[in-house]
Amino acid sequence: MPSRRLTDFLLFAAVFTMSFEKLYWNVAGKISLSEVLAILFVGAYVLRRLARADDDTLPRTSGIILVFFAAFLLVYLIGFYNLETTQGLTQFGKGMGKFVLHFAFLAAAVDYLARSSERLYWRLLAWFCLGVAANAAYGLIQLAAAQAGHNLDASLIQPITGHSSQINIYGAVGGSNVYRVDGLTPDPNHLGIALVVPLLVLGPIYLRLEPRHRLKLPLALLLAGLLGVELATLSRSGLLGLGVGFLVLLIPYRRLLLSRAMLLPLAIVAVAVAYEIHRRPHFFHTVITSRLQRGGRSTQIHFQIYDFIPQVLHQHPFFGLGFNNFSVYYQFVTGKTNWGPHSFYVALMVETGLVGTALFGVFLWYLFRRLQVSRAIGRALAAARDPVAARVRPLAWGLTAALVGTLAANAFYLTMTFFYFYAFVLLVLAVPVVFGRRLQATG
């Protein structure tokens with residue numbers, strides 16, 4: 001039986017690397033480092049469960065996850081009969097493999113956390129956020145290397161994975177390249193949207209920390225760094241998600257958002273941005289003006305993608321044209337092979353139809369219900385004068401804001417099918433499971 005320490009390591013390593021999309025290999029298909037680690041964790045979890053044959057109980061949350069898994073599987077299998085090409089079948093198989101792994105990891109990790117201490121949950125949250133932070137830090141080094149004329153990916157990523165990549169080049173101004181930080185993701189928008197989660201989750205926790213808490217300054221610097229990288233991605237979807245999530249946090253923290261603690265990380269970012277704009281005013285004016293334009297070709301395509309919804313629903317209204325098959329349909333209609341749905345909701349409607357969309361709506365409702373329970377647990381612990389309430393309540397609000405922000409960002413991009421989103425869902429669903437025990441003990 002795998003040791004507890006090994007299983008913990010595999011869980012932490014999996015969530016730490018879930019935003020490292022560039023770390024993958026083409027071995028019987030495309031498999032990423034985080035997927036390998038997740039498979040190892042699920043295997044270790046299963047062996048530990050088998051070794052405890054006398055305990056066949058399962059947390060209710062894990063059971064509900066398995067019910068959703070079965071429901072989604074049924075929808076996808078019915079939609080399978082709408083496939084019309086060999087390419088579509090291949091795409092369906094790739095999507096199904098990732099879908100099964102995502103839900104297997106989610107159900108196993110929730111059960112594992114239910115049998116673990118609260119400390120393990122906080123460590124899991126820390127490793128997830130540090131993983132995104134490491135991704136962002138790599139992006140800054142990558143940017144510095146690119147400005148010096150070097151491709152950092154060619155030196156560090158290509159020898160490991162065997163495939164080539166480089167930092168995103170948005171264009172050029174006055175002979176100077178405009179780089180968009182993408183870190184360990186293939187697209188700066190992926191990194192921009194992933195950054196929404198740690199920014200909105202850690203922000204409320206940081207604001208509620210005691211003034212002399214040992215993590216106060218490190219969190220302020222971390223939040224400033226993450227926000228700076230968010231701006232460096234030039235991701236409009238990322239900023240949209242961050243802005244919408246910020247509006248959610250105005251509900252409980254409107255006073256703290258104007259406090260000295262809040263102004264510290266913002267001031268650090270503002271000084272850095274002001275210095276760069278002062279150093280190259282024309283360069284940044286041109287770039288910012290370009291990103292604010294609404295009539296550009298890229299913006300038009302993002303909106304035109306929504307036109308495919310009525311076209312597909314006219315053909316296959318209930319179950320869509322097949323799971324993970326939008327790109328096949330897009331290529332058939334336009335002849336282009338380099339453009340996906342670029343909207344989670346377009347992919348959802350086109351690939352799974354009205355039934356699949358309604359089912360995902362129920363899944364989201366369940367997530368928000370669990371967040372509501374988490375906030376209630378925080379209030380109850382505060383009423384019982386439990387000091388942990390000062391961490392659980394901001395955590396619950398931060399997770400709520402991050403979910404709303406991610407939903408908004410995915411209106412014009414597609415990251416909610418990625419593994420990092422399921423790690424985030426794990427953090428959402430585990431809060432009532434882990435901290436509900438404390439409330440029961442208090443009662």
# chains A, B, ... in the order shown; residues from 1 in each chain; ligands from 1
$ select_by_dssp --residues "stretch 147-215 of chain A" --states "helix (DSSP H, G or I)" --output "MDAnalysis selection string"
chainID A and resid 147 152:156 158:161 188:194 196:208
$ residues_around --residues "A:Val431" --least-positions-apart "4" --cutoff "9 Å" --atoms "only C-alpha atoms" --output "CSV table (one decimal) with C-alpha atoms, in the first residue's frame"
chain,number,residue,atom,x,y,z
A,121,TYR,CA,-6.6,21.3,2.6
A,370,ARG,CA,-21.8,24.1,-1.9
A,371,LEU,CA,-20.2,27.6,-1.8
A,373,VAL,CA,-22.9,26.1,2.5
A,374,SER,CA,-19.2,27.0,2.9
A,392,VAL,CA,-13.0,30.0,6.2
A,395,LEU,CA,-11.9,31.5,1.6
A,396,ALA,CA,-15.5,30.8,0.7
A,426,LEU,CA,-12.0,20.3,-6.0
A,427,LEU,CA,-11.1,23.2,-3.8
A,435,PHE,CA,-14.6,22.3,7.6
A,436,GLY,CA,-18.1,20.9,8.2
$ residues_around --residues "A:Leu23" --least-positions-apart "5" --cutoff "10 Å" --atoms "only C-alpha atoms" --output "number ranges by chain"
A: 17-18, 31-34, 157-158, 160-163, 184-185
$ closest_residue --among "A:Leu195, A:Leu223, A:Leu207, A:Leu292" --to "A:Leu258" --atoms "only C-alpha atoms"
A:Leu207
$ residues_around --residues "A:Ile193" --least-positions-apart "5" --cutoff "8 Å" --atoms "only C-alpha atoms" --output "tab-separated table (two decimals) with N, CA and C atoms, in the first residue's frame"
chain	number	residue	atom	x	y	z
A	235	SER	N	-4.43	39.91	-21.67
A	235	SER	CA	-5.62	39.08	-21.87
A	235	SER	C	-6.88	39.85	-21.47
A	237	SER	N	-9.87	38.63	-21.71
A	237	SER	CA	-10.73	37.67	-21.02
A	237	SER	C	-10.31	37.54	-19.55
A	238	GLY	N	-8.98	37.52	-19.32
A	238	GLY	CA	-8.50	37.45	-17.95
A	238	GLY	C	-8.91	38.66	-17.13
A	239	LEU	N	-8.78	39.85	-17.71
A	239	LEU	CA	-9.16	41.07	-17.00
A	239	LEU	C	-10.67	41.15	-16.80
A	241	GLY	N	-12.66	38.52	-16.33
A	241	GLY	CA	-12.93	37.63	-15.20
A	241	GLY	C	-12.52	38.23	-13.88
A	406	THR	N	-14.30	33.17	-13.44
A	406	THR	CA	-13.94	32.18	-14.45
A	406	THR	C	-15.07	31.97	-15.45
A	409	ALA	N	-14.96	34.95	-17.78
A	409	ALA	CA	-13.81	34.91	-18.69
A	409	ALA	C	-14.00	33.90	-19.80
A	415	THR	N	-11.27	27.68	-21.07
A	415	THR	CA	-10.35	27.08	-20.10
A	415	THR	C	-11.07	26.16	-19.11
$ closest_residue --among "A:Asn325, A:Thr400, A:Leu219, A:Ala274" --to "A:Arg369" --atoms "only C-alpha atoms"
A:Thr400
$ residues_around --residues "A:Gly361" --least-positions-apart "3" --cutoff "12 Å" --atoms "only C-alpha atoms" --output "PDB file with N, CA and C atoms, in the first residue's frame"
ATOM      1  N   PHE A  68     -22.961  12.867 -11.322  1.00  0.00           N
ATOM      2  CA  PHE A  68     -22.759  13.805 -12.431  1.00  0.00           C
ATOM      3  C   PHE A  68     -21.901  13.164 -13.526  1.00  0.00           C
ATOM      4  N   PHE A  72     -23.181  12.972 -17.342  1.00  0.00           N
ATOM      5  CA  PHE A  72     -22.421  13.529 -18.470  1.00  0.00           C
ATOM      6  C   PHE A  72     -22.028  12.426 -19.451  1.00  0.00           C
ATOM      7  N   TYR A 345     -19.001  28.310 -23.733  1.00  0.00           N
ATOM      8  CA  TYR A 345     -20.448  28.160 -23.901  1.00  0.00           C
ATOM      9  C   TYR A 345     -20.814  27.779 -25.331  1.00  0.00           C
ATOM     10  N   LEU A 348     -20.008  24.118 -25.473  1.00  0.00           N
ATOM     11  CA  LEU A 348     -20.997  23.372 -24.703  1.00  0.00           C
ATOM     12  C   LEU A 348     -22.282  23.173 -25.506  1.00  0.00           C
ATOM     13  N   MET A 349     -22.795  24.242 -26.087  1.00  0.00           N
ATOM     14  CA  MET A 349     -24.045  24.163 -26.846  1.00  0.00           C
ATOM     15  C   MET A 349     -23.878  23.358 -28.125  1.00  0.00           C
ATOM     16  N   LEU A 354     -28.873  21.048 -26.137  1.00  0.00           N
ATOM     17  CA  LEU A 354     -29.663  21.618 -25.047  1.00  0.00           C
ATOM     18  C   LEU A 354     -29.609  20.760 -23.793  1.00  0.00           C
ATOM     19  N   VAL A 355     -29.591  19.442 -23.961  1.00  0.00           N
ATOM     20  CA  VAL A 355     -29.566  18.543 -22.800  1.00  0.00           C
ATOM     21  C   VAL A 355     -28.236  18.669 -22.057  1.00  0.00           C
ATOM     22  N   GLY A 356     -27.127  18.658 -22.794  1.00  0.00           N
ATOM     23  CA  GLY A 356     -25.820  18.784 -22.161  1.00  0.00           C
ATOM     24  C   GLY A 356     -25.640  20.128 -21.492  1.00  0.00           C
ATOM     25  N   THR A 357     -26.152  21.181 -22.127  1.00  0.00           N
ATOM     26  CA  THR A 357     -26.050  22.519 -21.541  1.00  0.00           C
ATOM     27  C   THR A 357     -26.850  22.610 -20.252  1.00  0.00           C
ATOM     28  N   ALA A 358     -28.058  22.041 -20.265  1.00  0.00           N
ATOM     29  CA  ALA A 358     -28.890  22.042 -19.052  1.00  0.00           C
ATOM     30  C   ALA A 358     -28.219  21.250 -17.933  1.00  0.00           C
ATOM     31  N   LEU A 364     -23.233  23.514 -12.285  1.00  0.00           N
ATOM     32  CA  LEU A 364     -22.851  24.825 -11.755  1.00  0.00           C
ATOM     33  C   LEU A 364     -23.705  25.211 -10.560  1.00  0.00           C
ATOM     34  N   TRP A 365     -25.001  24.930 -10.643  1.00  0.00           N
ATOM     35  CA  TRP A 365     -25.901  25.210  -9.514  1.00  0.00           C
ATOM     36  C   TRP A 365     -25.409  24.470  -8.274  1.00  0.00           C
ATOM     37  N   TYR A 366     -24.970  23.233  -8.449  1.00  0.00           N
ATOM     38  CA  TYR A 366     -24.473  22.453  -7.315  1.00  0.00           C
ATOM     39  C   TYR A 366     -23.221  23.091  -6.723  1.00  0.00           C
ATOM     40  N   LEU A 367     -22.320  23.575  -7.580  1.00  0.00           N
ATOM     41  CA  LEU A 367     -21.116  24.226  -7.085  1.00  0.00           C
ATOM     42  C   LEU A 367     -21.461  25.475  -6.275  1.00  0.00           C
ATOM     43  N   PHE A 368     -22.394  26.278  -6.776  1.00  0.00           N
ATOM     44  CA  PHE A 368     -22.779  27.489  -6.044  1.00  0.00           C
ATOM     45  C   PHE A 368     -23.493  27.144  -4.738  1.00  0.00           C
ATOM     46  N   LEU A 407     -16.302  31.957 -14.950  1.00  0.00           N
ATOM     47  CA  LEU A 407     -17.457  31.827 -15.842  1.00  0.00           C
ATOM     48  C   LEU A 407     -17.517  33.005 -16.814  1.00  0.00           C
TER      49      LEU A 407
END
$ closest_atom_pairs --of "stretch 144-230 of chain A" --to "stretch 127-132 of chain A" --cutoff "10 Å" --atoms "only C-alpha atoms" --output "tab-separated table"
residue	atom	partner	partner_atom	distance
A:Gly183	CA	A:Val132	CA	9.6
A:Leu184	CA	A:Val132	CA	9.4
A:Leu191	CA	A:Val132	CA	8.2
A:Ala194	CA	A:Val132	CA	7.1
A:Leu195	CA	A:Val132	CA	6.7
A:Val196	CA	A:Val132	CA	9.9
A:Val197	CA	A:Cys129	CA	8.0
A:Pro198	CA	A:Cys129	CA	5.4
A:Leu199	CA	A:Cys129	CA	8.8
A:Val201	CA	A:Cys129	CA	9.0
A:Leu202	CA	A:Cys129	CA	8.4
A:Leu222	CA	A:Leu130	CA	9.4
A:Leu226	CA	A:Val132	CA	8.8
$ atom_distance --atom1 "atom CA of A:Arg4" --atom2 "atom CA of A:Phe16"
18.1 Å
